[in-house]
>>> print(open('run_15.tsv').read())   # TSV, C-alpha atoms and all ligand atoms
chain	number	residue	atom	x	y	z
A	1315	MET	CA	79.00	106.27	130.18
A	1316	LYS	CA	80.92	109.42	131.07
A	1317	ILE	CA	84.44	109.35	132.51
A	1318	ARG	CA	86.46	112.23	133.87
A	1319	ILE	CA	90.18	112.56	133.08
A	1320	GLY	CA	91.61	115.57	134.91
A	1321	ASN	CA	89.80	118.64	133.60
A	1322	ILE	CA	88.06	116.93	130.68
A	1323	SER	CA	85.19	114.49	130.31
A	1324	ILE	CA	84.89	111.77	127.69
A	1325	GLY	CA	82.06	109.50	126.59
A	1326	ASP	CA	78.31	109.99	126.52
A	1327	GLY	CA	78.27	112.65	123.81
A	1328	GLU	CA	81.27	114.66	125.04
A	1329	PRO	CA	83.57	115.98	122.27
A	1330	ILE	CA	86.08	113.44	120.96
A	1331	ALA	CA	89.39	114.03	122.75
A	1332	ILE	CA	92.73	113.93	120.94
A	1333	GLN	CA	95.47	112.00	122.63
A	1334	SER	CA	99.16	111.76	121.90
A	1335	MET	CA	102.21	110.33	123.64
A	1336	THR	CA	105.56	111.85	124.49
A	1337	ASN	CA	108.75	110.19	123.26
A	1338	THR	CA	111.13	111.88	125.70
A	1339	PRO	CA	112.45	110.02	128.78
A	1340	THR	CA	109.74	110.82	131.35
A	1341	PHE	CA	112.31	111.30	134.12
A	1342	ASP	CA	113.82	114.13	132.05
A	1343	VAL	CA	111.35	116.72	133.32
A	1344	GLU	CA	112.60	119.61	131.15
A	1345	LYS	CA	112.39	117.69	127.88
A	1346	THR	CA	109.06	116.10	128.73
A	1347	VAL	CA	107.44	119.37	129.84
A	1348	SER	CA	108.75	121.07	126.71
A	1349	GLN	CA	107.25	118.39	124.47
A	1350	ILE	CA	103.93	118.42	126.33
A	1351	ASN	CA	103.80	122.22	125.99
A	1352	ASP	CA	104.40	121.85	122.24
A	1353	LEU	CA	101.61	119.25	122.10
A	1354	GLU	CA	99.31	121.57	124.04
A	1355	ARG	CA	99.97	124.38	121.58
A	1356	SER	CA	99.16	121.97	118.75
A	1357	GLY	CA	95.77	121.21	120.27
A	1358	VAL	CA	96.21	117.95	122.18
A	1359	ASP	CA	93.59	117.18	124.85
A	1360	ILE	CA	95.28	114.33	126.74
A	1361	VAL	CA	98.96	113.32	126.88
A	1362	ARG	CA	100.23	109.85	127.71
A	1363	VAL	CA	103.73	109.27	129.09
A	1364	SER	CA	105.59	106.00	129.66
A	1365	VAL	CA	106.37	105.20	133.27
A	1366	PRO	CA	108.90	102.35	133.15
A	1367	ASP	CA	110.58	103.02	136.52
A	1368	GLU	CA	110.30	104.82	139.85
A	1369	LYS	CA	112.20	107.95	138.80
A	1370	SER	CA	109.74	108.41	135.91
A	1371	ALA	CA	106.78	107.99	138.28
A	1372	ARG	CA	108.26	110.55	140.68
A	1373	ALA	CA	108.88	112.99	137.81
A	1374	LEU	CA	105.12	113.13	137.19
A	1375	LYS	CA	104.66	115.46	140.15
A	1376	MET	CA	107.05	118.07	138.70
A	1377	ILE	CA	105.66	117.62	135.19
A	1378	LYS	CA	102.07	118.06	136.39
A	1379	GLY	CA	102.91	121.37	138.00
A	1380	ARG	CA	104.01	122.83	134.67
A	1381	ILE	CA	101.34	121.63	132.21
A	1382	SER	CA	97.60	122.05	131.95
A	1383	VAL	CA	96.43	119.00	129.96
A	1384	PRO	CA	95.57	115.75	131.75
A	1385	ILE	CA	98.36	113.21	131.86
A	1386	VAL	CA	98.08	109.43	131.53
A	1387	ALA	CA	100.74	107.19	133.08
A	1388	ASP	CA	101.45	104.17	130.89
A	1389	ILE	CA	102.63	101.24	133.01
A	1390	HIS	CA	103.42	97.63	132.25
A	1391	PHE	CA	102.99	94.97	134.95
A	1392	ASP	CA	104.12	96.91	138.05
A	1393	TYR	CA	101.10	97.82	140.19
A	1394	LYS	CA	103.36	99.70	142.66
A	1395	LEU	CA	104.42	102.06	139.89
A	1396	ALA	CA	100.75	102.57	139.05
A	1397	ILE	CA	99.90	103.47	142.65
A	1398	LEU	CA	102.95	105.76	142.89
A	1399	SER	CA	101.91	107.47	139.62
A	1400	ILE	CA	98.44	108.09	141.06
A	1401	LYS	CA	100.03	109.64	144.16
A	1402	MET	CA	102.27	111.80	141.96
A	1403	GLY	CA	99.22	113.27	140.20
A	1404	ALA	CA	98.54	111.12	137.11
A	1405	ASP	CA	95.03	111.78	135.82
A	1406	LYS	CA	94.58	108.32	134.35
A	1407	ILE	CA	96.46	105.03	134.45
A	1408	ARG	CA	97.06	102.70	131.54
A	1409	ILE	CA	97.71	99.21	132.87
A	1410	ASN	CA	96.30	95.75	132.35
A	1411	PRO	CA	95.27	94.21	135.68
A	1412	GLY	CA	95.70	90.75	134.14
A	1413	ASN	CA	99.47	91.38	134.21
A	1414	ILE	CA	99.59	92.48	137.84
A	1415	GLY	CA	99.30	89.08	139.49
A	1416	ALA	CA	97.50	88.37	142.80
A	1417	ASP	CA	93.95	89.66	143.38
A	1418	TRP	CA	94.98	91.71	146.39
A	1419	LYS	CA	97.36	93.73	144.23
A	1420	VAL	CA	94.55	94.54	141.79
A	1421	ARG	CA	92.36	95.52	144.74
A	1422	GLU	CA	95.05	97.85	146.10
A	1423	LEU	CA	95.42	99.54	142.74
A	1424	ALA	CA	91.64	99.89	142.34
A	1425	LYS	CA	91.40	101.36	145.85
A	1426	ALA	CA	94.13	103.95	145.14
A	1427	ALA	CA	92.48	104.93	141.85
A	1428	LYS	CA	89.01	105.13	143.40
A	1429	GLU	CA	90.18	107.36	146.25
A	1430	ARG	CA	91.34	109.98	143.75
A	1431	ASN	CA	88.73	109.39	141.00
A	1432	ILE	CA	91.41	108.24	138.56
A	1433	PRO	CA	90.17	106.11	135.63
A	1434	ILE	CA	92.09	103.09	134.41
A	1435	ARG	CA	92.47	102.26	130.75
A	1436	VAL	CA	92.65	98.57	129.94
A	1437	GLY	CA	92.89	96.87	126.60
A	1438	ALA	CA	94.61	94.60	124.17
A	1439	ASN	CA	96.87	94.90	121.15
A	1440	SER	CA	97.24	92.46	118.29
A	1441	GLY	CA	100.92	92.07	119.21
A	1442	SER	CA	100.45	91.01	122.83
A	1443	LEU	CA	97.61	88.52	123.00
A	1444	PRO	CA	97.42	86.01	125.86
A	1445	LYS	CA	98.69	82.58	124.77
A	1446	ASP	CA	95.29	80.87	124.98
A	1447	LEU	CA	93.73	83.43	122.63
A	1448	GLU	CA	96.47	83.35	120.03
A	1449	GLY	CA	94.93	80.45	118.09
A	1450	TYR	CA	91.56	82.16	117.48
A	1451	GLU	CA	90.55	81.99	113.84
A	1452	LYS	CA	89.11	85.51	114.03
A	1453	ARG	CA	91.90	87.56	115.55
A	1454	TYR	CA	89.68	90.62	116.01
A	1455	VAL	CA	87.54	88.54	118.38
A	1456	ALA	CA	90.65	87.39	120.28
A	1457	ILE	CA	91.83	91.00	120.70
A	1458	ALA	CA	88.42	92.11	121.96
A	1459	GLU	CA	88.04	89.11	124.27
A	1460	ALA	CA	91.49	89.80	125.75
A	1461	ALA	CA	90.39	93.37	126.52
A	1462	LEU	CA	87.08	92.18	127.99
A	1463	ARG	CA	89.01	89.91	130.32
A	1464	GLU	CA	90.84	92.94	131.69
A	1465	VAL	CA	87.55	94.80	132.09
A	1466	ARG	CA	86.05	91.90	134.08
A	1467	ILE	CA	89.03	91.76	136.44
A	1468	LEU	CA	88.46	95.40	137.43
A	1469	GLU	CA	84.69	94.96	137.62
A	1470	ASN	CA	85.20	91.98	139.94
A	1471	VAL	CA	86.95	94.22	142.45
A	1472	GLY	CA	84.17	96.82	142.14
A	1473	PHE	CA	86.01	99.24	139.86
A	1474	GLU	CA	84.11	100.70	136.90
A	1475	ASP	CA	85.90	103.95	136.11
A	1476	ILE	CA	87.21	102.28	132.97
A	1477	VAL	CA	88.30	103.22	129.46
A	1478	VAL	CA	88.78	100.35	126.98
A	1479	SER	CA	90.98	100.11	123.94
A	1480	VAL	CA	91.51	97.41	121.34
A	1481	LYS	CA	94.16	98.01	118.74
A	1482	SER	CA	95.71	96.23	115.83
A	1483	SER	CA	98.29	97.30	113.28
A	1484	ASP	CA	95.72	96.13	110.71
A	1485	PRO	CA	93.07	98.86	110.29
A	1486	LEU	CA	90.29	96.42	109.31
A	1487	GLU	CA	90.98	94.32	112.38
A	1488	THR	CA	90.94	97.50	114.50
A	1489	ILE	CA	87.49	98.37	113.13
A	1490	LYS	CA	86.02	94.91	113.70
A	1491	SER	CA	87.51	94.59	117.19
A	1492	ASN	CA	86.07	97.94	118.25
A	1493	GLU	CA	82.64	97.09	116.83
A	1494	TYR	CA	82.76	93.84	118.82
A	1495	ILE	CA	83.69	95.68	122.03
A	1496	ARG	CA	81.10	98.43	121.56
A	1497	LYS	CA	78.32	95.80	121.54
A	1498	ARG	CA	79.52	94.40	124.86
A	1499	VAL	CA	80.52	97.30	127.13
A	1500	GLU	CA	79.33	100.85	127.70
A	1501	TYR	CA	82.64	102.29	128.88
A	1502	PRO	CA	84.28	105.01	126.80
A	1503	ILE	CA	86.55	103.63	124.09
A	1504	HIS	CA	89.96	104.93	123.10
A	1505	ILE	CA	90.61	104.16	119.42
A	1506	GLY	CA	93.79	103.98	117.41
A	1507	VAL	CA	95.74	101.82	114.99
A	1508	THR	CA	98.80	100.51	116.79
A	1509	GLU	CA	102.25	100.53	115.22
A	1510	ALA	CA	100.72	102.34	112.26
A	1511	GLY	CA	104.11	103.09	110.77
A	1512	VAL	CA	105.77	106.12	109.23
A	1513	TYR	CA	103.86	109.19	108.15
A	1514	GLU	CA	101.99	108.21	104.96
A	1515	SER	CA	101.02	104.68	106.00
A	1516	ALA	CA	100.09	105.87	109.47
A	1517	VAL	CA	97.90	108.68	108.19
A	1518	ILE	CA	96.14	106.47	105.64
A	1519	SER	CA	95.52	103.51	107.95
A	1520	SER	CA	94.45	105.70	110.89
A	1521	SER	CA	92.21	107.88	108.74
A	1522	PHE	CA	90.49	104.81	107.37
A	1523	ALA	CA	90.02	102.95	110.68
A	1524	LEU	CA	89.37	105.91	112.97
A	1525	GLY	CA	87.30	107.73	110.36
A	1526	TYR	CA	85.10	104.68	109.82
A	1527	LEU	CA	84.65	104.05	113.55
A	1528	LEU	CA	83.93	107.67	114.41
A	1529	TYR	CA	81.44	107.87	111.56
A	1530	GLU	CA	79.71	104.87	113.14
A	1531	GLY	CA	79.71	106.70	116.47
A	1532	ILE	CA	82.41	104.51	118.05
A	1533	GLY	CA	85.34	106.15	119.85
A	1534	ASP	CA	85.63	108.76	122.60
A	1535	THR	CA	89.35	109.50	122.48
A	1536	ILE	CA	91.63	109.02	119.48
A	1537	ARG	CA	95.31	108.68	118.80
A	1538	VAL	CA	96.75	108.82	115.30
A	1539	SER	CA	99.90	106.86	115.97
A	1540	ILE	CA	102.80	108.06	113.77
A	1541	ALA	CA	106.47	107.13	114.16
A	1542	GLY	CA	108.47	110.25	115.03
A	1543	ASN	CA	107.46	113.73	116.18
A	1544	PRO	CA	104.14	113.45	118.10
A	1545	ILE	CA	103.04	116.96	117.09
A	1546	ARG	CA	102.09	115.55	113.69
A	1547	GLU	CA	99.74	113.07	115.39
A	1548	VAL	CA	97.74	115.95	116.84
A	1549	ILE	CA	97.54	117.92	113.59
A	1550	VAL	CA	96.34	114.86	111.65
A	1551	ALA	CA	93.81	114.00	114.38
A	1552	ARG	CA	92.44	117.56	114.28
A	1553	LYS	CA	92.07	117.40	110.52
A	1554	LEU	CA	90.37	114.02	110.70
A	1555	LEU	CA	87.83	115.29	113.24
A	1556	SER	CA	87.26	118.33	111.07
A	1557	PHE	CA	86.56	116.25	107.94
A	1558	LEU	CA	84.11	114.18	109.99
A	1559	ARG	CA	82.46	117.44	111.12
A	1560	LEU	CA	83.14	116.56	114.73
A	1561	ARG	CA	85.18	119.77	115.13
A	1562	LYS	CA	85.51	123.06	113.33
A	1563	GLU	CA	89.17	123.43	112.44
A	1564	PRO	CA	91.27	125.49	110.02
A	1565	ARG	CA	91.04	124.09	106.51
A	1566	VAL	CA	92.78	124.94	103.27
A	1567	ILE	CA	91.15	123.97	99.99
A	1568	ALA	CA	93.91	123.95	97.37
A	1569	CYS	CA	93.71	123.01	93.71
A	1570	PRO	CA	96.16	120.28	92.66
A	1571	SER	CA	97.79	122.88	90.31
A	1572	CYS	CA	98.62	122.34	86.65
A	1573	ALA	CA	100.37	124.17	83.80
A	1574	ARG	CA	97.96	127.10	84.26
A	1575	ALA	CA	99.07	127.79	87.84
A	1576	VAL	CA	100.77	131.18	88.13
A	1577	PHE	CA	102.23	130.64	91.62
A	1578	ASP	CA	103.49	127.76	93.75
A	1579	VAL	CA	100.13	126.45	95.01
A	1580	GLU	CA	101.62	123.85	97.35
A	1581	LYS	CA	103.93	126.31	99.13
A	1582	ILE	CA	101.28	128.97	99.56
A	1583	ALA	CA	98.67	126.44	100.71
A	1584	HIS	CA	101.15	125.13	103.31
A	1585	ASP	CA	101.98	128.64	104.49
A	1586	VAL	CA	98.31	129.57	104.77
A	1587	GLU	CA	97.55	126.39	106.68
A	1588	ASP	CA	100.43	127.01	109.11
A	1589	LYS	CA	99.13	130.53	109.69
A	1590	LEU	CA	95.57	129.32	110.30
A	1591	PHE	CA	96.71	126.69	112.80
A	1592	GLU	CA	99.02	129.23	114.47
A	1593	LEU	CA	96.12	131.66	114.88
A	1594	GLY	CA	93.77	128.81	115.85
A	1595	LYS	CA	91.15	130.14	113.43
A	1596	PRO	CA	88.58	127.63	112.15
A	1597	VAL	CA	88.56	129.30	108.75
A	1598	THR	CA	88.24	127.60	105.35
A	1599	PHE	CA	90.64	129.24	102.92
A	1600	SER	CA	90.91	128.47	99.22
A	1601	VAL	CA	94.13	128.64	97.19
A	1602	LEU	CA	93.64	128.35	93.40
A	1603	GLY	CA	96.56	128.48	91.01
A	1604	CYS	CA	94.64	130.31	88.29
A	1605	TYR	CA	91.43	132.12	87.54
A	1606	VAL	CA	90.30	129.96	84.61
A	1607	ASN	CA	87.16	128.79	86.45
A	1608	GLY	CA	86.63	132.10	88.25
A	1609	ILE	CA	86.69	131.43	91.97
A	1610	GLY	CA	84.99	128.06	91.21
A	1611	GLU	CA	85.63	125.65	94.07
A	1612	GLY	CA	86.55	128.56	96.31
A	1613	LYS	CA	82.96	129.82	96.49
A	1614	SER	CA	82.19	127.69	99.52
A	1615	ALA	CA	85.32	128.87	101.37
A	1616	ASP	CA	85.32	131.76	103.86
A	1617	ALA	CA	88.02	133.45	101.79
A	1618	GLY	CA	90.65	132.71	99.21
A	1619	ILE	CA	92.93	133.73	96.39
A	1620	ALA	CA	93.22	132.77	92.71
A	1621	GLY	CA	96.15	133.62	90.40
A	1622	ILE	CA	95.61	135.79	87.30
A	1623	ASP	CA	99.12	135.98	85.88
A	1624	GLY	CA	102.68	136.09	87.17
A	1625	ASP	CA	102.06	139.56	88.64
A	1626	ARG	CA	98.48	139.55	89.88
A	1627	PHE	CA	95.90	137.57	91.80
A	1628	VAL	CA	92.30	138.07	92.93
A	1629	ALA	CA	91.19	137.83	96.54
A	1630	PHE	CA	87.67	136.84	97.54
A	1631	LYS	CA	85.63	136.58	100.70
A	1632	ASN	CA	82.32	134.79	101.27
A	1633	GLY	CA	82.03	134.06	97.53
A	1634	LYS	CA	82.54	137.71	96.44
A	1635	ILE	CA	85.62	139.10	94.69
A	1636	LEU	CA	87.27	141.87	96.69
A	1637	GLY	CA	89.73	143.04	94.05
A	1638	THR	CA	92.92	142.42	92.07
A	1639	TYR	CA	96.25	142.70	93.85
A	1640	SER	CA	99.94	142.54	93.11
A	1641	MET	CA	101.75	139.26	93.82
A	1642	ASP	CA	104.21	141.29	95.92
A	1643	ASP	CA	101.40	141.84	98.44
A	1644	LEU	CA	100.15	138.25	98.49
A	1645	TYR	CA	101.12	137.43	102.08
A	1646	TYR	CA	99.80	140.76	103.46
A	1647	ILE	CA	96.46	140.24	101.73
A	1648	VAL	CA	96.23	136.62	102.89
A	1649	GLU	CA	96.91	137.66	106.49
A	1650	ASP	CA	94.33	140.47	106.31
A	1651	LEU	CA	91.75	138.08	104.87
A	1652	ILE	CA	92.34	135.54	107.62
A	1653	LYS	CA	92.01	138.24	110.29
A	1654	GLU	CA	88.82	139.59	108.72
A	1655	VAL	CA	87.00	136.27	108.49
B	1701	LIG	S1	92.63	126.06	89.45
B	1701	LIG	FE1	93.83	126.53	87.61
B	1701	LIG	S2	95.93	125.95	88.21
B	1701	LIG	FE2	94.60	124.98	89.68
B	1701	LIG	S3	94.27	122.95	88.81
B	1701	LIG	FE3	92.55	124.23	88.16
B	1701	LIG	S4	93.17	124.96	86.15
B	1701	LIG	FE4	95.05	124.21	87.14
>>> encode(input="run_15.tsv", output="structure tokens", more="lines below")
Ligand code: SF4
Amino acid sequence: MKIRIGNISIGDGEPIAIQSMTNTPTFDVEKTVSQINDLERSGVDIVRVSVPDEKSARALKMIKGRISVPIVADIHFDYKLAILSIKMGADKIRINPGNIGADWKVRELAKAAKERNIPIRVGANSGSLPKDLEGYEKRYVAIAEAALREVRILENVGFEDIVVSVKSSDPLETIKSNEYIRKRVEYPIHIGVTEAGVYESAVISSSFALGYLLYEGIGDTIRVSIAGNPIREVIVARKLLSFLRLRKEPRVIACPSCARAVFDVEKIAHDVEDKLFELGKPVTFSVLGCYVNGIGEGKSADAGIAGIDGDRFVAFKNGKILGTYSMDDLYYIVEDLIKEV
């Protein structure tokens, strides 16, 4: 099933969309717009913002006027805030109707969303299961069943513009829960590992769970949840999609380096990668610390360099050596190579 979120579509074979979330106070328009612009430059497709109060909901109108990616308003419990966010221009609402209360409130929210073609994301997290589902032996089933409950509430009021998400801080549980959901609903699924932790743990657990699910064909939008600067979430998500061949993105193949390396492989690989992402070029570039194996692993790259000695390196393009150059010119040559390919 295809769903429209602002100017993008998800589901039914559409490209997987990358989502991230701001960590600025939403009512602080300047800070929030600045962070969303940074996220846009990093390649985000959809941005979620918390809407804990009325001033945050009202800020959405000013924020919307200064960004071009779709914005999702994340709301807990308060259906009035959800309706206000829709009026202020939110492109999608994240709220669980099971927390809203009376049926008529759910109906009012569904009506407001329907009038403006705004989808609603519902779901469940391992950390906030309803009491009666907490005792389930298989927690992944409990998480999925909690999300299905939310889906049914919206369906019962005739609303089907739905995105579902089931998340756990345990990557295996996240996988199983999503597989369970996929067998039961056709709505697009947003996937992510919740509370994934600081950088290394977050990258490993998200790569495992999201990579596995996407490889199985499950997931229409993704978030790599990492504590701290959200820009890193987008970069990791782009790389993950690239490794899964779901996107063509910049890629640097770098040797691990050893005693034969004649330059700082890690630094140069980082610099090249930054440059490729800055230029937005889906180029594969190889950085090899020495020439002992010729251009070896670099043959499959679009271009690359390999050290000869402390003073010289070779540059190659499409598997062919272009020449030997002085280390003093390394960055000029790298930039030229990137531009050429
Ligand atoms: S390419 Fe050279 S420097 Fe890099 S790991 Fe291999 S032998 Fe070592």
>>> atom_distance(input="run_15.tsv", atom1="atom CA of A:Val1579", atom2="atom CA of A:Ala1617")
15.5 Å
>>> closest_atom_pairs(input="run_15.tsv", of="stretch 1585-1636 of chain A", to="stretch 1540-1560 of chain A", cutoff="12 Å", atoms="only C-alpha atoms", output="tab-separated table")
residue	atom	partner	partner_atom	distance
A:Glu1587	CA	A:Ile1549	CA	10.9
A:Asp1588	CA	A:Ile1549	CA	10.5
A:Phe1591	CA	A:Ile1549	CA	8.8
A:Glu1592	CA	A:Ile1549	CA	11.4
A:Gly1594	CA	A:Arg1552	CA	11.4
A:Pro1596	CA	A:Ser1556	CA	9.5
A:Val1597	CA	A:Ser1556	CA	11.3
A:Thr1598	CA	A:Ser1556	CA	10.9
>>> residues_near_ligand(input="run_15.tsv", ligand="ligand LIG 1701 (chain B)", cutoff="10 Å", atoms="all atoms listed in the file", output="list in words")
Ala1568, Cys1569, Pro1570, Ser1571, Cys1572, Ala1573, Arg1574, Ala1575, Val1576, Phe1577, Asp1578, Val1579, Val1601, Leu1602, Gly1603, Cys1604, Tyr1605, Val1606, Asn1607, Gly1608, Ile1609, Gly1610, Glu1611, Gly1612, Ala1620, Gly1621 and Ile1622 of chain A
>>> write_last_selection(input="run_15.tsv", atoms="C-alpha atoms", output="PDB file, keeping the file's coordinate frame")
ATOM      1  CA  ALA A1568      93.910 123.950  97.370  1.00  0.00           C
ATOM      2  CA  CYS A1569      93.710 123.010  93.710  1.00  0.00           C
ATOM      3  CA  PRO A1570      96.160 120.280  92.660  1.00  0.00           C
ATOM      4  CA  SER A1571      97.790 122.880  90.310  1.00  0.00           C
ATOM      5  CA  CYS A1572      98.620 122.340  86.650  1.00  0.00           C
ATOM      6  CA  ALA A1573     100.370 124.170  83.800  1.00  0.00           C
ATOM      7  CA  ARG A1574      97.960 127.100  84.260  1.00  0.00           C
ATOM      8  CA  ALA A1575      99.070 127.790  87.840  1.00  0.00           C
ATOM      9  CA  VAL A1576     100.770 131.180  88.130  1.00  0.00           C
ATOM     10  CA  PHE A1577     102.230 130.640  91.620  1.00  0.00           C
ATOM     11  CA  ASP A1578     103.490 127.760  93.750  1.00  0.00           C
ATOM     12  CA  VAL A1579     100.130 126.450  95.010  1.00  0.00           C
ATOM     13  CA  VAL A1601      94.130 128.640  97.190  1.00  0.00           C
ATOM     14  CA  LEU A1602      93.640 128.350  93.400  1.00  0.00           C
ATOM     15  CA  GLY A1603      96.560 128.480  91.010  1.00  0.00           C
ATOM     16  CA  CYS A1604      94.640 130.310  88.290  1.00  0.00           C
ATOM     17  CA  TYR A1605      91.430 132.120  87.540  1.00  0.00           C
ATOM     18  CA  VAL A1606      90.300 129.960  84.610  1.00  0.00           C
ATOM     19  CA  ASN A1607      87.160 128.790  86.450  1.00  0.00           C
ATOM     20  CA  GLY A1608      86.630 132.100  88.250  1.00  0.00           C
ATOM     21  CA  ILE A1609      86.690 131.430  91.970  1.00  0.00           C
ATOM     22  CA  GLY A1610      84.990 128.060  91.210  1.00  0.00           C
ATOM     23  CA  GLU A1611      85.630 125.650  94.070  1.00  0.00           C
ATOM     24  CA  GLY A1612      86.550 128.560  96.310  1.00  0.00           C
ATOM     25  CA  ALA A1620      93.220 132.770  92.710  1.00  0.00           C
ATOM     26  CA  GLY A1621      96.150 133.620  90.400  1.00  0.00           C
ATOM     27  CA  ILE A1622      95.610 135.790  87.300  1.00  0.00           C
TER      28      ILE A1622
END
>>> residues_near_point(input="run_15.tsv", point="(88.7, 99.5, 132.9)", cutoff="10 Å", atoms="all atoms listed in the file", output="number ranges by chain")
A: 1407-1411, 1424, 1433-1437, 1461-1469, 1473-1479, 1501-1503
>>> axis_aligned_box(input="run_15.tsv", around="stretch 1395-1406 of chain A", padding_each_side="8 Å", output="AutoDock Vina command-line options")
--center_x 99.5 --center_y 107.7 --center_z 139.3 --size_x 25.8 --size_y 27.2 --size_z 25.8
>>> atom_distance(input="run_15.tsv", atom1="atom CA of A:Ile1389", atom2="atom CA of A:Ala1516")
24.1 Å
>>> atom_distance(input="run_15.tsv", atom1="atom CA of A:Val1480", atom2="atom CA of A:Val1386")
17.1 Å
>>> closest_atom_pairs(input="run_15.tsv", of="stretch 1388-1468 of chain A", to="stretch 1322-1345 of chain A", cutoff="12 Å", atoms="all atoms listed in the file", output="CSV")
residue,atom,partner,partner_atom,distance
A:Asp1388,CA,A:Met1335,CA,9.5
A:Ser1399,CA,A:Thr1340,CA,11.9
A:Asp1405,CA,A:Ile1322,CA,10.1
A:Lys1406,CA,A:Ile1322,CA,11.4
A:Pro1433,CA,A:Ile1324,CA,11.1
>>> closest_residue(input="run_15.tsv", among="A:Tyr1645, A:Ser1614, A:Leu1395, A:Val1538", to="A:Gly1633", atoms="all atoms listed in the file")
A:Ser1614
>>> residues_around(input="run_15.tsv", residues="A:Lys1589", least_positions_apart="3", cutoff="10 Å", atoms="only C-alpha atoms", output="PDB file with C-alpha atoms, keeping the file's coordinate frame")
ATOM      1  CA  PRO A1564      91.270 125.490 110.020  1.00  0.00           C
ATOM      2  CA  ALA A1583      98.670 126.440 100.710  1.00  0.00           C
ATOM      3  CA  HIS A1584     101.150 125.130 103.310  1.00  0.00           C
ATOM      4  CA  ASP A1585     101.980 128.640 104.490  1.00  0.00           C
ATOM      5  CA  VAL A1586      98.310 129.570 104.770  1.00  0.00           C
ATOM      6  CA  GLU A1592      99.020 129.230 114.470  1.00  0.00           C
ATOM      7  CA  LEU A1593      96.120 131.660 114.880  1.00  0.00           C
ATOM      8  CA  GLY A1594      93.770 128.810 115.850  1.00  0.00           C
ATOM      9  CA  LYS A1595      91.150 130.140 113.430  1.00  0.00           C
ATOM     10  CA  VAL A1648      96.230 136.620 102.890  1.00  0.00           C
ATOM     11  CA  GLU A1649      96.910 137.660 106.490  1.00  0.00           C
ATOM     12  CA  ILE A1652      92.340 135.540 107.620  1.00  0.00           C
TER      13      ILE A1652
END
>>> closest_residue(input="run_15.tsv", among="A:Thr1508, A:Ser1640, A:Asn1632, A:Asn1439", to="A:Ser1600", atoms="only C-alpha atoms")
A:Asn1632
>>> closest_residue(input="run_15.tsv", among="A:Arg1380, A:His1390, A:Lys1425, A:Lys1653", to="A:Ile1350", atoms="all atoms listed in the file")
A:Arg1380
>>> residues_near_point(input="run_15.tsv", point="(95.4, 91.8, 139.4)", cutoff="10 Å", atoms="all atoms listed in the file", output="list in words")
Phe1391, Tyr1393, Asn1410, Pro1411, Gly1412, Asn1413, Ile1414, Gly1415, Ala1416, Asp1417, Trp1418, Lys1419, Val1420, Arg1421, Glu1422, Leu1423, Ala1424, Glu1464, Ile1467, Leu1468 and Val1471 of chain A
>>> closest_residue(input="run_15.tsv", among="A:Glu1500, A:Asp1616, A:Glu1354, A:Glu1459", to="A:Lys1316", atoms="all atoms listed in the file")
A:Glu1500
>>> decode(input="run_15.tsv", residues="stretch 1527-1538 of chain A", atoms="N, CA and C atoms", output="PDB file, in the first residue's frame")
ATOM      1  N   LEU A1527      15.941  -6.824   8.063  1.00  0.00           N
ATOM      2  CA  LEU A1527      14.546  -6.597   7.639  1.00  0.00           C
ATOM      3  C   LEU A1527      14.473  -6.092   6.200  1.00  0.00           C
ATOM      4  N   LEU A1528      15.321  -5.125   5.877  1.00  0.00           N
ATOM      5  CA  LEU A1528      15.290  -4.576   4.517  1.00  0.00           C
ATOM      6  C   LEU A1528      15.671  -5.643   3.493  1.00  0.00           C
ATOM      7  N   TYR A1529      16.609  -6.498   3.868  1.00  0.00           N
ATOM      8  CA  TYR A1529      17.009  -7.576   2.962  1.00  0.00           C
ATOM      9  C   TYR A1529      15.838  -8.535   2.721  1.00  0.00           C
ATOM     10  N   GLU A1530      14.990  -8.663   3.744  1.00  0.00           N
ATOM     11  CA  GLU A1530      13.787  -9.489   3.604  1.00  0.00           C
ATOM     12  C   GLU A1530      12.658  -8.741   2.890  1.00  0.00           C
ATOM     13  N   GLY A1531      12.886  -7.478   2.605  1.00  0.00           N
ATOM     14  CA  GLY A1531      11.847  -6.682   1.924  1.00  0.00           C
ATOM     15  C   GLY A1531      10.873  -6.032   2.881  1.00  0.00           C
ATOM     16  N   ILE A1532      11.226  -5.963   4.172  1.00  0.00           N
ATOM     17  CA  ILE A1532      10.333  -5.335   5.163  1.00  0.00           C
ATOM     18  C   ILE A1532      10.900  -3.972   5.555  1.00  0.00           C
ATOM     19  N   GLY A1533      10.041  -2.950   5.493  1.00  0.00           N
ATOM     20  CA  GLY A1533      10.473  -1.604   5.888  1.00  0.00           C
ATOM     21  C   GLY A1533      10.338  -0.632   4.729  1.00  0.00           C
ATOM     22  N   ASP A1534       9.673   0.492   4.994  1.00  0.00           N
ATOM     23  CA  ASP A1534       9.471   1.510   3.958  1.00  0.00           C
ATOM     24  C   ASP A1534      10.121   2.832   4.330  1.00  0.00           C
ATOM     25  N   THR A1535      10.223   3.100   5.636  1.00  0.00           N
ATOM     26  CA  THR A1535      11.038   4.219   6.110  1.00  0.00           C
ATOM     27  C   THR A1535      11.899   3.678   7.242  1.00  0.00           C
ATOM     28  N   ILE A1536      13.094   4.280   7.396  1.00  0.00           N
ATOM     29  CA  ILE A1536      13.999   3.783   8.437  1.00  0.00           C
ATOM     30  C   ILE A1536      14.508   4.939   9.294  1.00  0.00           C
ATOM     31  N   ARG A1537      14.769   4.619  10.544  1.00  0.00           N
ATOM     32  CA  ARG A1537      15.522   5.553  11.380  1.00  0.00           C
ATOM     33  C   ARG A1537      16.606   4.773  12.123  1.00  0.00           C
ATOM     34  N   VAL A1538      17.841   5.228  11.973  1.00  0.00           N
ATOM     35  CA  VAL A1538      18.938   4.660  12.753  1.00  0.00           C
ATOM     36  C   VAL A1538      19.057   5.540  13.986  1.00  0.00           C
TER      37      VAL A1538
END
